[in-house]
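Shown next: upload08.pdb, containing PDB, C-alpha atoms.
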MODEL        1
ATOM      1  CA  MET T   1     -40.030  72.142 -33.079
ATOM      2  CA  ARG T   2     -42.848  69.594 -33.035
ATOM      3  CA  ASN T   3     -45.403  72.383 -32.746
ATOM      4  CA  PHE T   4     -43.762  74.504 -35.423
ATOM      5  CA  LEU T   5     -43.720  71.604 -37.898
ATOM      6  CA  GLY T   6     -47.329  70.771 -37.076
ATOM      7  CA  PHE T   7     -48.224  74.409 -37.709
ATOM      8  CA  ALA T   8     -46.294  74.389 -41.022
ATOM      9  CA  ALA T   9     -48.099  71.241 -42.197
ATOM     10  CA  GLY T  10     -51.461  72.788 -41.297
ATOM     11  CA  LEU T  11     -50.569  75.986 -43.121
ATOM     12  CA  VAL T  12     -49.592  74.081 -46.287
ATOM     13  CA  PHE T  13     -52.836  72.104 -46.081
ATOM     14  CA  GLY T  14     -54.898  75.287 -45.669
ATOM     15  CA  ILE T  15     -53.153  77.129 -48.501
ATOM     16  CA  GLY T  16     -53.724  74.065 -50.685
ATOM     17  CA  LEU T  17     -57.426  74.135 -49.815
ATOM     18  CA  ILE T  18     -57.656  77.832 -50.715
ATOM     19  CA  ILE T  19     -55.725  77.594 -54.012
ATOM     20  CA  SER T  20     -57.678  74.507 -55.055
ATOM     21  CA  GLY T  21     -61.056  76.186 -54.508
ATOM     22  CA  MET T  22     -62.196  73.825 -51.727
ATOM     23  CA  THR T  23     -62.802  76.745 -49.348
ATOM     24  CA  ASP T  24     -65.436  78.223 -51.678
ATOM     25  CA  PRO T  25     -68.753  76.439 -51.037
ATOM     26  CA  ALA T  26     -70.027  77.693 -54.419
ATOM     27  CA  LYS T  27     -67.295  75.644 -56.122
ATOM     28  CA  VAL T  28     -67.975  72.581 -53.980
ATOM     29  CA  LEU T  29     -71.729  72.739 -54.565
ATOM     30  CA  ASN T  30     -71.243  73.252 -58.308
ATOM     31  CA  PHE T  31     -69.009  70.153 -58.329
ATOM     32  CA  LEU T  32     -71.748  68.171 -56.629
ATOM     33  CA  ASP T  33     -74.504  69.622 -58.834
ATOM     34  CA  ILE T  34     -74.095  67.354 -61.835
ATOM     35  CA  LEU T  35     -77.469  68.454 -63.250
ATOM     36  CA  GLY T  36     -76.625  72.139 -62.854
ATOM     37  CA  PRO T  37     -73.639  74.378 -63.644
ATOM     38  CA  TRP T  38     -71.255  71.441 -63.152
ATOM     39  CA  ASP T  39     -67.684  72.466 -62.250
ATOM     40  CA  PRO T  40     -65.433  69.362 -62.250
ATOM     41  CA  SER T  41     -62.460  71.214 -60.667
ATOM     42  CA  LEU T  42     -62.657  69.379 -57.360
ATOM     43  CA  ALA T  43     -61.956  66.045 -59.019
ATOM     44  CA  PHE T  44     -58.525  67.516 -59.807
ATOM     45  CA  VAL T  45     -58.038  68.445 -56.144
ATOM     46  CA  MET T  46     -58.814  64.919 -54.997
ATOM     47  CA  GLY T  47     -56.686  63.439 -57.788
ATOM     48  CA  GLY T  48     -53.694  65.710 -57.151
ATOM     49  CA  ALA T  49     -53.836  65.187 -53.402
ATOM     50  CA  SER T  50     -54.231  61.415 -53.352
ATOM     51  CA  VAL T  51     -51.645  60.731 -56.071
ATOM     52  CA  THR T  52     -49.128  62.983 -54.271
ATOM     53  CA  ALA T  53     -49.853  61.245 -50.965
ATOM     54  CA  PHE T  54     -49.711  57.808 -52.642
ATOM     55  CA  ILE T  55     -46.197  58.460 -53.935
ATOM     56  CA  GLY T  56     -45.019  60.385 -50.852
ATOM     57  CA  TYR T  57     -46.264  57.741 -48.400
ATOM     58  CA  ARG T  58     -44.348  55.020 -50.198
ATOM     59  CA  LEU T  59     -41.128  57.056 -50.100
ATOM     60  CA  ILE T  60     -41.669  57.847 -46.406
ATOM     61  CA  TRP T  61     -42.494  54.248 -45.444
ATOM     62  CA  ARG T  62     -38.994  53.166 -46.517
ATOM     63  CA  ARG T  63     -37.859  54.749 -43.281
ATOM     64  CA  GLU T  64     -38.074  52.652 -40.168
ATOM     65  CA  ARG T  65     -40.023  55.274 -38.272
ATOM     66  CA  PRO T  66     -41.299  58.852 -38.601
ATOM     67  CA  VAL T  67     -38.896  61.709 -37.869
ATOM     68  CA  MET T  68     -40.650  62.698 -34.640
ATOM     69  CA  GLY T  69     -42.316  59.485 -33.553
ATOM     70  CA  SER T  70     -41.592  55.905 -32.651
ATOM     71  CA  GLN T  71     -43.724  54.242 -35.326
ATOM     72  CA  PHE T  72     -46.101  54.771 -38.224
ATOM     73  CA  ASP T  73     -49.561  54.679 -36.744
ATOM     74  CA  LEU T  74     -51.959  53.516 -39.450
ATOM     75  CA  PRO T  75     -55.625  52.707 -38.929
ATOM     76  CA  ASP T  76     -55.862  48.933 -38.513
ATOM     77  CA  SER T  77     -59.592  48.654 -39.080
ATOM     78  CA  THR T  78     -60.609  47.196 -42.423
ATOM     79  CA  ALA T  79     -64.285  46.613 -41.613
ATOM     80  CA  ILE T  80     -66.792  48.132 -44.012
ATOM     81  CA  ASP T  81     -69.480  48.264 -41.348
ATOM     82  CA  ALA T  82     -72.708  50.111 -40.565
ATOM     83  CA  PRO T  83     -71.145  53.002 -38.603
ATOM     84  CA  LEU T  84     -68.696  53.691 -41.447
ATOM     85  CA  LEU T  85     -71.375  53.723 -44.142
ATOM     86  CA  THR T  86     -74.003  55.523 -42.045
ATOM     87  CA  GLY T  87     -71.467  58.117 -40.947
ATOM     88  CA  ALA T  88     -70.268  58.661 -44.516
ATOM     89  CA  ALA T  89     -73.873  59.060 -45.741
ATOM     90  CA  ILE T  90     -74.693  61.586 -42.985
ATOM     91  CA  PHE T  91     -71.472  63.485 -43.645
ATOM     92  CA  GLY T  92     -72.182  63.540 -47.382
ATOM     93  CA  MET T  93     -75.654  65.011 -46.829
ATOM     94  CA  GLY T  94     -74.202  67.820 -44.705
ATOM     95  CA  TRP T  95     -71.421  68.443 -47.220
ATOM     96  CA  GLY T  96     -73.908  68.623 -50.097
ATOM     97  CA  LEU T  97     -76.136  70.957 -48.111
ATOM     98  CA  GLY T  98     -73.598  73.495 -46.824
ATOM     99  CA  GLY T  99     -70.629  73.034 -49.159
ATOM    100  CA  PHE T 100     -68.130  72.696 -46.315
ATOM    101  CA  CYS T 101     -66.216  69.642 -45.152
ATOM    102  CA  PRO T 102     -64.174  69.891 -41.913
ATOM    103  CA  GLY T 103     -60.842  71.168 -43.327
ATOM    104  CA  PRO T 104     -62.255  74.059 -45.385
ATOM    105  CA  ALA T 105     -64.576  74.890 -42.476
ATOM    106  CA  TRP T 106     -61.543  75.612 -40.261
ATOM    107  CA  THR T 107     -59.720  77.479 -43.019
ATOM    108  CA  SER T 108     -62.812  79.660 -43.585
ATOM    109  CA  LEU T 109     -63.180  80.690 -39.948
ATOM    110  CA  LEU T 110     -61.149  83.925 -40.111
ATOM    111  CA  ILE T 111     -62.767  84.995 -43.392
ATOM    112  CA  GLY T 112     -65.749  85.309 -41.085
ATOM    113  CA  SER T 113     -68.842  84.789 -43.264
ATOM    114  CA  SER T 114     -72.112  84.463 -41.337
ATOM    115  CA  GLY T 115     -72.531  80.947 -42.750
ATOM    116  CA  ILE T 116     -69.263  79.605 -41.323
ATOM    117  CA  LEU T 117     -69.884  81.201 -37.936
ATOM    118  CA  ILE T 118     -73.007  79.019 -37.736
ATOM    119  CA  PHE T 119     -71.611  75.931 -39.482
ATOM    120  CA  LEU T 120     -68.409  75.492 -37.463
ATOM    121  CA  PRO T 121     -69.942  75.538 -33.943
ATOM    122  CA  ALA T 122     -72.716  73.234 -35.211
ATOM    123  CA  MET T 123     -70.034  70.861 -36.556
ATOM    124  CA  LEU T 124     -68.342  70.727 -33.142
ATOM    125  CA  VAL T 125     -71.714  70.035 -31.513
ATOM    126  CA  GLY T 126     -72.238  67.220 -34.028
ATOM    127  CA  ILE T 127     -68.871  65.682 -33.093
ATOM    128  CA  VAL T 128     -69.698  65.793 -29.380
ATOM    129  CA  LEU T 129     -73.161  64.292 -30.025
ATOM    130  CA  ALA T 130     -71.578  61.456 -32.022
ATOM    131  CA  GLY T 131     -69.241  60.899 -29.078
ATOM    132  CA  PHE T 132     -72.226  60.435 -26.781
ATOM    133  CA  ALA T 133     -73.954  58.187 -29.303
ATOM    134  CA  LYS T 134     -70.813  56.057 -29.540
ATOM    135  CA  SER T 135     -70.195  55.730 -25.823
ATOM    136  CA  SER T 136     -73.830  54.772 -25.229
ATOM    137  CA  SER T 137     -73.781  51.989 -27.829
ATOM    138  CA  SER T 138     -71.394  49.784 -29.709
ATOM    139  CA  PHE T 139     -72.335  51.663 -32.874
ATOM    140  CA  ALA T 140     -68.940  53.120 -33.662
ATOM    141  CA  SER T 141     -66.269  52.976 -36.304
ATOM    142  CA  LYS T 142     -62.550  53.205 -35.661
ATOM    143  CA  GLY T 143     -59.902  54.863 -37.767
ATOM    144  CA  ALA T 144     -59.834  56.161 -41.320
TER
ATOM    145  CA  MET C   1     -79.665  77.757 -49.195
ATOM    146  CA  GLY C   2     -79.117  80.847 -51.374
ATOM    147  CA  PRO C   3     -78.602  81.673 -55.027
ATOM    148  CA  VAL C   4     -76.590  79.396 -57.337
ATOM    149  CA  VAL C   5     -73.266  81.165 -57.920
ATOM    150  CA  PRO C   6     -71.528  80.173 -61.169
ATOM    151  CA  THR C   7     -67.833  79.187 -60.863
ATOM    152  CA  GLU C   8     -65.055  78.854 -63.377
ATOM    153  CA  PHE C   9     -63.451  75.468 -64.177
ATOM    154  CA  THR C  10     -59.910  75.696 -62.723
ATOM    155  CA  PRO C  11     -58.141  72.389 -63.441
ATOM    156  CA  TRP C  12     -54.562  73.636 -62.972
ATOM    157  CA  LEU C  13     -55.125  75.650 -59.805
ATOM    158  CA  SER C  14     -57.171  72.818 -58.346
ATOM    159  CA  LEU C  15     -54.518  70.259 -59.262
ATOM    160  CA  PHE C  16     -51.781  72.451 -57.722
ATOM    161  CA  GLY C  17     -53.827  73.025 -54.547
ATOM    162  CA  GLY C  18     -54.440  69.282 -54.397
ATOM    163  CA  VAL C  19     -50.705  68.575 -54.647
ATOM    164  CA  LEU C  20     -50.107  70.930 -51.687
ATOM    165  CA  ILE C  21     -52.766  69.076 -49.678
ATOM    166  CA  GLY C  22     -51.041  65.793 -50.575
ATOM    167  CA  LEU C  23     -47.649  67.208 -49.544
ATOM    168  CA  SER C  24     -49.089  68.227 -46.188
ATOM    169  CA  ALA C  25     -50.406  64.683 -45.709
ATOM    170  CA  VAL C  26     -46.910  63.348 -46.514
ATOM    171  CA  MET C  27     -45.395  65.803 -43.994
ATOM    172  CA  VAL C  28     -47.724  64.562 -41.259
ATOM    173  CA  MET C  29     -46.893  60.926 -42.080
ATOM    174  CA  GLY C  30     -43.150  61.582 -42.305
ATOM    175  CA  LEU C  31     -42.928  63.725 -39.176
ATOM    176  CA  PHE C  32     -45.486  62.204 -36.834
ATOM    177  CA  GLY C  33     -46.362  58.892 -38.490
ATOM    178  CA  LYS C  34     -50.035  59.815 -38.613
ATOM    179  CA  ILE C  35     -52.939  60.154 -41.027
ATOM    180  CA  ALA C  36     -53.692  63.817 -41.822
ATOM    181  CA  GLY C  37     -57.417  63.493 -41.225
ATOM    182  CA  ILE C  38     -59.113  66.716 -40.218
ATOM    183  CA  THR C  39     -61.852  64.741 -38.482
ATOM    184  CA  GLY C  40     -59.327  63.074 -36.166
ATOM    185  CA  ILE C  41     -57.405  66.303 -35.703
ATOM    186  CA  THR C  42     -60.596  68.167 -34.770
ATOM    187  CA  LYS C  43     -61.688  65.391 -32.432
ATOM    188  CA  GLY C  44     -58.327  65.701 -30.695
ATOM    189  CA  LEU C  45     -59.542  69.118 -29.535
ATOM    190  CA  THR C  46     -62.666  67.767 -27.945
ATOM    191  CA  THR C  47     -60.732  65.845 -25.348
ATOM    192  CA  ALA C  48     -63.922  64.665 -23.636
ATOM    193  CA  ILE C  49     -64.200  62.050 -26.378
ATOM    194  CA  PRO C  50     -62.237  58.935 -25.444
ATOM    195  CA  GLY C  51     -59.837  57.182 -27.784
ATOM    196  CA  THR C  52     -58.709  60.226 -29.762
ATOM    197  CA  GLY C  53     -54.992  59.940 -29.156
ATOM    198  CA  GLY C  54     -52.682  60.543 -26.234
ATOM    199  CA  PRO C  55     -51.129  63.804 -25.028
ATOM    200  CA  ASN C  56     -48.321  63.254 -27.528
ATOM    201  CA  ASP C  57     -50.824  63.730 -30.336
ATOM    202  CA  ARG C  58     -52.521  66.724 -28.838
ATOM    203  CA  GLY C  59     -49.545  69.040 -29.437
ATOM    204  CA  TRP C  60     -49.089  68.589 -33.185
ATOM    205  CA  ARG C  61     -52.822  68.328 -33.771
ATOM    206  CA  LEU C  62     -53.483  71.683 -32.126
ATOM    207  CA  SER C  63     -50.645  73.399 -33.980
ATOM    208  CA  PHE C  64     -51.776  71.813 -37.279
ATOM    209  CA  LEU C  65     -55.246  73.208 -36.677
ATOM    210  CA  ILE C  66     -53.834  76.672 -35.922
ATOM    211  CA  GLY C  67     -51.935  76.499 -39.231
ATOM    212  CA  LEU C  68     -55.132  75.465 -41.033
ATOM    213  CA  VAL C  69     -57.009  78.417 -39.515
ATOM    214  CA  ALA C  70     -54.134  80.849 -40.229
ATOM    215  CA  ALA C  71     -53.852  79.944 -43.948
ATOM    216  CA  PRO C  72     -56.151  82.751 -45.233
ATOM    217  CA  LEU C  73     -53.913  85.265 -43.437
ATOM    218  CA  VAL C  74     -51.071  84.244 -45.793
ATOM    219  CA  VAL C  75     -53.376  84.982 -48.731
ATOM    220  CA  LEU C  76     -54.370  88.307 -47.137
ATOM    221  CA  LEU C  77     -50.722  89.298 -46.658
ATOM    222  CA  THR C  78     -49.656  88.329 -50.190
ATOM    223  CA  THR C  79     -52.655  89.540 -52.211
ATOM    224  CA  GLY C  80     -54.168  92.175 -49.911
ATOM    225  CA  ALA C  81     -57.513  90.399 -49.729
ATOM    226  CA  PHE C  82     -59.045  87.271 -48.215
ATOM    227  CA  PRO C  83     -59.817  84.435 -50.665
ATOM    228  CA  GLN C  84     -63.159  84.712 -52.475
ATOM    229  CA  GLN C  85     -66.056  82.772 -51.023
ATOM    230  CA  SER C  86     -69.773  82.463 -51.627
ATOM    231  CA  VAL C  87     -71.120  80.877 -48.467
ATOM    232  CA  PRO C  88     -74.784  79.810 -48.159
ATOM    233  CA  THR C  89     -76.632  82.244 -45.904
ATOM    234  CA  ASN C  90     -79.562  80.138 -44.736
ATOM    235  CA  VAL C  91     -79.089  80.034 -40.943
ATOM    236  CA  TRP C  92     -81.000  76.816 -40.225
ATOM    237  CA  GLY C  93     -79.604  75.159 -43.325
ATOM    238  CA  MET C  94     -76.021  75.893 -42.264
ATOM    239  CA  ALA C  95     -76.714  74.779 -38.687
ATOM    240  CA  LEU C  96     -78.147  71.488 -39.975
ATOM    241  CA  ALA C  97     -75.252  71.076 -42.425
ATOM    242  CA  GLY C  98     -72.702  71.598 -39.631
ATOM    243  CA  LEU C  99     -74.434  69.121 -37.344
ATOM    244  CA  LEU C 100     -74.572  66.470 -40.076
ATOM    245  CA  VAL C 101     -70.907  66.983 -41.050
ATOM    246  CA  GLY C 102     -69.701  66.818 -37.435
ATOM    247  CA  PHE C 103     -71.866  63.827 -36.519
ATOM    248  CA  GLY C 104     -71.246  61.904 -39.749
ATOM    249  CA  THR C 105     -67.475  62.361 -39.887
ATOM    250  CA  SER C 106     -67.193  61.415 -36.239
ATOM    251  CA  LEU C 107     -69.345  58.288 -36.618
ATOM    252  CA  GLY C 108     -67.692  57.247 -39.883
ATOM    253  CA  ALA C 109     -64.225  58.108 -38.522
ATOM    254  CA  GLY C 110     -63.127  60.291 -41.388
ATOM    255  CA  CYS C 111     -63.925  62.874 -44.024
ATOM    256  CA  THR C 112     -62.591  64.091 -47.360
ATOM    257  CA  SER C 113     -59.044  64.178 -45.960
ATOM    258  CA  GLY C 114     -58.806  61.047 -43.782
ATOM    259  CA  HIS C 115     -60.825  58.692 -45.998
ATOM    260  CA  GLY C 116     -60.475  60.739 -49.181
ATOM    261  CA  VAL C 117     -56.857  61.798 -49.555
ATOM    262  CA  CYS C 118     -55.044  59.584 -47.024
ATOM    263  CA  GLY C 119     -57.295  56.528 -47.246
ATOM    264  CA  LEU C 120     -57.214  56.442 -51.046
ATOM    265  CA  ALA C 121     -53.415  56.946 -50.976
ATOM    266  CA  ARG C 122     -53.178  53.891 -48.707
ATOM    267  CA  LEU C 123     -55.453  51.970 -51.121
ATOM    268  CA  SER C 124     -57.770  51.209 -48.200
ATOM    269  CA  PRO C 125     -60.988  49.506 -49.405
ATOM    270  CA  ARG C 126     -62.703  50.748 -46.242
ATOM    271  CA  SER C 127     -61.888  54.361 -47.108
ATOM    272  CA  ALA C 128     -62.837  53.838 -50.763
ATOM    273  CA  ALA C 129     -66.264  52.622 -49.600
ATOM    274  CA  ALA C 130     -66.656  55.691 -47.370
ATOM    275  CA  VAL C 131     -65.648  58.033 -50.221
ATOM    276  CA  ALA C 132     -68.137  56.412 -52.624
ATOM    277  CA  VAL C 133     -70.942  56.727 -50.074
ATOM    278  CA  PHE C 134     -70.269  60.324 -49.068
ATOM    279  CA  LEU C 135     -69.885  61.451 -52.686
ATOM    280  CA  VAL C 136     -73.201  59.867 -53.681
ATOM    281  CA  ALA C 137     -74.933  61.301 -50.575
ATOM    282  CA  ALA C 138     -73.502  64.759 -51.271
ATOM    283  CA  VAL C 139     -74.579  64.717 -54.935
ATOM    284  CA  LEU C 140     -78.066  63.623 -53.845
ATOM    285  CA  ALA C 141     -78.295  66.338 -51.174
ATOM    286  CA  THR C 142     -77.170  69.124 -53.534
ATOM    287  CA  THR C 143     -79.455  67.870 -56.305
ATOM    288  CA  LEU C 144     -82.405  67.647 -53.909
ATOM    289  CA  VAL C 145     -81.878  71.168 -52.565
ATOM    290  CA  ARG C 146     -81.241  72.776 -55.965
ATOM    291  CA  HIS C 147     -83.571  70.907 -58.292
ATOM    292  CA  VAL C 148     -86.312  69.232 -56.279
ATOM    293  CA  ILE C 149     -87.238  71.340 -53.245
TER
ENDMDL
END
Give the structure from this file in C-alpha cells form.
Amino acid sequence: MRNFLGFAAGLVFGIGLIISGMTDPAKVLNFLDILGPWDPSLAFVMGGASVTAFIGYRLIWRRERPVMGSQFDLPDSTAIDAPLLTGAAIFGMGWGLGGFCPGPAWTSLLIGSSGILIFLPAMLVGIVLAGFAKSSSSFASKGA
Amino acid sequence: MGPVVPTEFTPWLSLFGGVLIGLSAVMVMGLFGKIAGITGITKGLTTAIPGTGGPNDRGWRLSFLIGLVAAPLVVLLTTGAFPQQSVPTNVWGMALAGLLVGFGTSLGAGCTSGHGVCGLARLSPRSAAAVAVFLVAAVLATTLVRHVI
C-alpha cells in the first residue's frame, strides 16, 4: 500500500510537470530568457503548486500525524548559510544552461532524447560528488 | 546549446499542472509526513550518501520516483504520443548542466520542488532565499548563453 501510494503521488507529480510545460526545456529556457522570447508560463506553475501546497499543508497539519507515519518530518534548519546559497547558485546555472531541474529530468527519461540521456547520469554524478565534498568538509546544508 | 525554439504562453495549462504538483506535495505530506523534494528523493537512491533517510523512507521514495518516470507513459496511452520536448543537443553543455544541477541541489539541499514548491508553501525564509538565488543564477546563465556568448 505504501509503495502504491508513493507511486501514485509520483505519477501525479510527473503528469503535473508534463501538463504544466516544465518537462519541455524550450519552455523553461524561454521563461528564464527575459531578454528573448519570454514565456511567463512557468510562473503560473510555481504559483499554482505553492498555493495548493500552502493550503493543503495547513489542512493536513490539523491531523496529529501523517496517515502512514508517526510524525510530520519537517526540515528544522533555518540557516541561510554559504552551502545553501552556493548550492542554489550552482543549481541555477545548470538549470539555466540545460533547461532541466531534477523532477522534469526524471520524467523525461523515457521520452529518451539524447540530451536527457547525457544530463541525467551527469546529474547523478554531481550528487555523488557533492556527497564526497560534504563528507570531506563541514561545507554542507541540511534540509529544504 | 541549440536553436531558440519559440513556445506559446500557456497560463491555464501551467496553472493546472502546477496545482497537480501541489496536490502531489500534499499527498506526500499527508501520507508520509515528508517534503516532496525531488533532490531528497533522488538522493535516497544513492544510498552511499549518509543522512538521506532510513529504510522506512527508501520504499516510498523509490516508488515515487518510479511514478515520476512512468508519467509520460500515461500521456502516451491517452494521446498516442509522448509529450512534446525540445531538448538542447550540445553534449558537453548537457553534461555540464547535469553536473551543476546534481552538485548544486545536493549542496543546497533542495531544488525547484523542495525549496520552491514545498519550502515556499511552508513560508520558509531559508527556502525563499534559495529560490531567489537559483532563479537569478538561472536567468543569468540563460542570458549569458543566448545573448552574450
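Applied to the file shown here, the PyMOL selection byres ((chain C and resi 69) around 8) selects Leu11, Gly14, Trp106, Thr107, Ser108, Leu109 and Leu110 of chain T; Leu65, Ile66, Gly67, Leu68, Ala70, Ala71 and Pro72 of chain C.
The interatomic distance for the pair CA of Ile55 in chain T and CA of Ala121 in chain C works out to 7.9 Å.
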Separating CA of Val26 in chain C from CA of Ala53 in chain T, to the nearest tenth of an Å, is a gap of 5.7 Å
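Proximity to Val74 in chain C was assessed for T:Ser136, T:Ser41, T:Ile18, T:Met1 counting only C-alpha atoms; the smallest distance is recorded for T:Ile18.
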TODO: Using all atoms listed in the file, determine which residues lie at most 12 Å from range 72-76 of chain T, disregarding the query and same-chain residues fewer than 3 positions distant; provide the list as a ChimeraX atom specification.
DONE: /T:57,60-69,79,141-144 /C:26,28-37,40,53,57,109-110,114-115,118-119,122,124,126-127
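Straight-line separation from CA of Val4 in chain C to CA of Ala26 in chain T: 7.4 Å.
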Restricting to only C-alpha atoms, whichever of T:Asn30, T:Ala105, T:Gly96, T:Leu5 is closest to chain C is T:Gly96
Selection: 6 Å around Ala89 in chain T, only C-alpha atoms, excl. self and same-chain fewer than 2 positions, as a PDB file with C-alpha atoms, keeping the file's coordinate frame:
ATOM      1  CA  THR T  86     -74.003  55.523 -42.045  1.00  0.00           C
ATOM      2  CA  GLY T  87     -71.467  58.117 -40.947  1.00  0.00           C
ATOM      3  CA  PHE T  91     -71.472  63.485 -43.645  1.00  0.00           C
ATOM      4  CA  GLY T  92     -72.182  63.540 -47.382  1.00  0.00           C
TER       5      GLY T  92
ATOM      6  CA  VAL C 133     -70.942  56.727 -50.074  1.00  0.00           C
ATOM      7  CA  PHE C 134     -70.269  60.324 -49.068  1.00  0.00           C
ATOM      8  CA  ALA C 137     -74.933  61.301 -50.575  1.00  0.00           C
TER       9      ALA C 137
END
**Report entry** Non-local contacts of Trp95 in chain T (7 Å; only C-alpha atoms; under 6 positions in same chain excluded) as a list in words
**Finding:** Cys101 of chain T; Ala97, Val101 and Ala138 of chain C
Residue IDs satisfying the PyMOL selection byres ((chain C and resi 147) around 12), as a PDB file with C-alpha atoms, in the frame of the given file:
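Contents of part.pdb, freshly written:
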ATOM      1  CA  ASP T  33     -74.504  69.622 -58.834  1.00  0.00           C
ATOM      2  CA  ILE T  34     -74.095  67.354 -61.835  1.00  0.00           C
ATOM      3  CA  LEU T  35     -77.469  68.454 -63.250  1.00  0.00           C
ATOM      4  CA  GLY T  36     -76.625  72.139 -62.854  1.00  0.00           C
ATOM      5  CA  PRO T  37     -73.639  74.378 -63.644  1.00  0.00           C
TER       6      PRO T  37
ATOM      7  CA  VAL C   4     -76.590  79.396 -57.337  1.00  0.00           C
ATOM      8  CA  VAL C 139     -74.579  64.717 -54.935  1.00  0.00           C
ATOM      9  CA  LEU C 140     -78.066  63.623 -53.845  1.00  0.00           C
ATOM     10  CA  ALA C 141     -78.295  66.338 -51.174  1.00  0.00           C
ATOM     11  CA  THR C 142     -77.170  69.124 -53.534  1.00  0.00           C
ATOM     12  CA  THR C 143     -79.455  67.870 -56.305  1.00  0.00           C
ATOM     13  CA  LEU C 144     -82.405  67.647 -53.909  1.00  0.00           C
ATOM     14  CA  VAL C 145     -81.878  71.168 -52.565  1.00  0.00           C
ATOM     15  CA  ARG C 146     -81.241  72.776 -55.965  1.00  0.00           C
ATOM     16  CA  VAL C 148     -86.312  69.232 -56.279  1.00  0.00           C
ATOM     17  CA  ILE C 149     -87.238  71.340 -53.245  1.00  0.00           C
TER      18      ILE C 149
END
Closest to chain C among T:Ala133, T:Ala82, T:Leu32, T:Leu117, using all atoms listed in the file?
->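 With all atoms listed in the file as the atom set, the closest residue is T:Leu32.
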With distances taken over all atoms listed in the file, the candidate from C:Val117, C:Ile41, C:Leu73, C:Ala128 nearest chain T is C:Val117
- request: Find the residues around Ser86 in chain C up to 12 Å (all atoms listed in the file counted), leave out those fewer than 5 positions away in its own chain, and share them as a list in words.
  value: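 Once the nearby chain positions are removed, what remains is Gly21, Met22, Thr23, Asp24, Pro25, Ala26, Lys27, Val28, Leu29, Asn30, Gly98, Gly99, Phe100, Ser108, Ile111, Gly112, Ser113, Ser114, Gly115 and Ile116 of chain T; Met1, Gly2, Pro3, Val4, Val5, Pro6 and Thr7 of chain C.
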- prompt: Hey, what comes out of the PyMOL selection byres ((chain C and resi 8-11) around 7) on this file? Could you write it as a PyMOL selection string?
  reply: (chain T and resi 39-41+44) or (chain C and resi 6-7+12-15)
Determine the axis-aligned bounding box of all atoms of range 129-144 of chain C present in the file, pad each side by 8 Å, and express its centre and edge lengths in Å to one decimal place as lines of an AutoDock Vina configuration file.
center_x = -74.0
center_y = 60.9
center_z = -51.8
size_x = 32.8
size_y = 32.5
size_z = 24.9
Nearest to chain T, restricted to only C-alpha atoms and choosing among C:Gly104, C:Gly80, C:Gly93, C:Gly116, comes out as C:Gly104
At a cut-off of 9 Å, using all atoms listed in the file, what residues contact Gly47 in chain T? Leave out same-chain residues fewer than 4 positions from it and give the result as a VMD selection string. (chain T and resid 42 to 43 51 to 52) or (chain C and resid 15 18 to 19 117)
One residue among T:Gly126, T:Pro104, T:Pro121, T:Gly131 is nearest to Ile19 in chain T when using only C-alpha atoms, and that residue is T:Pro104
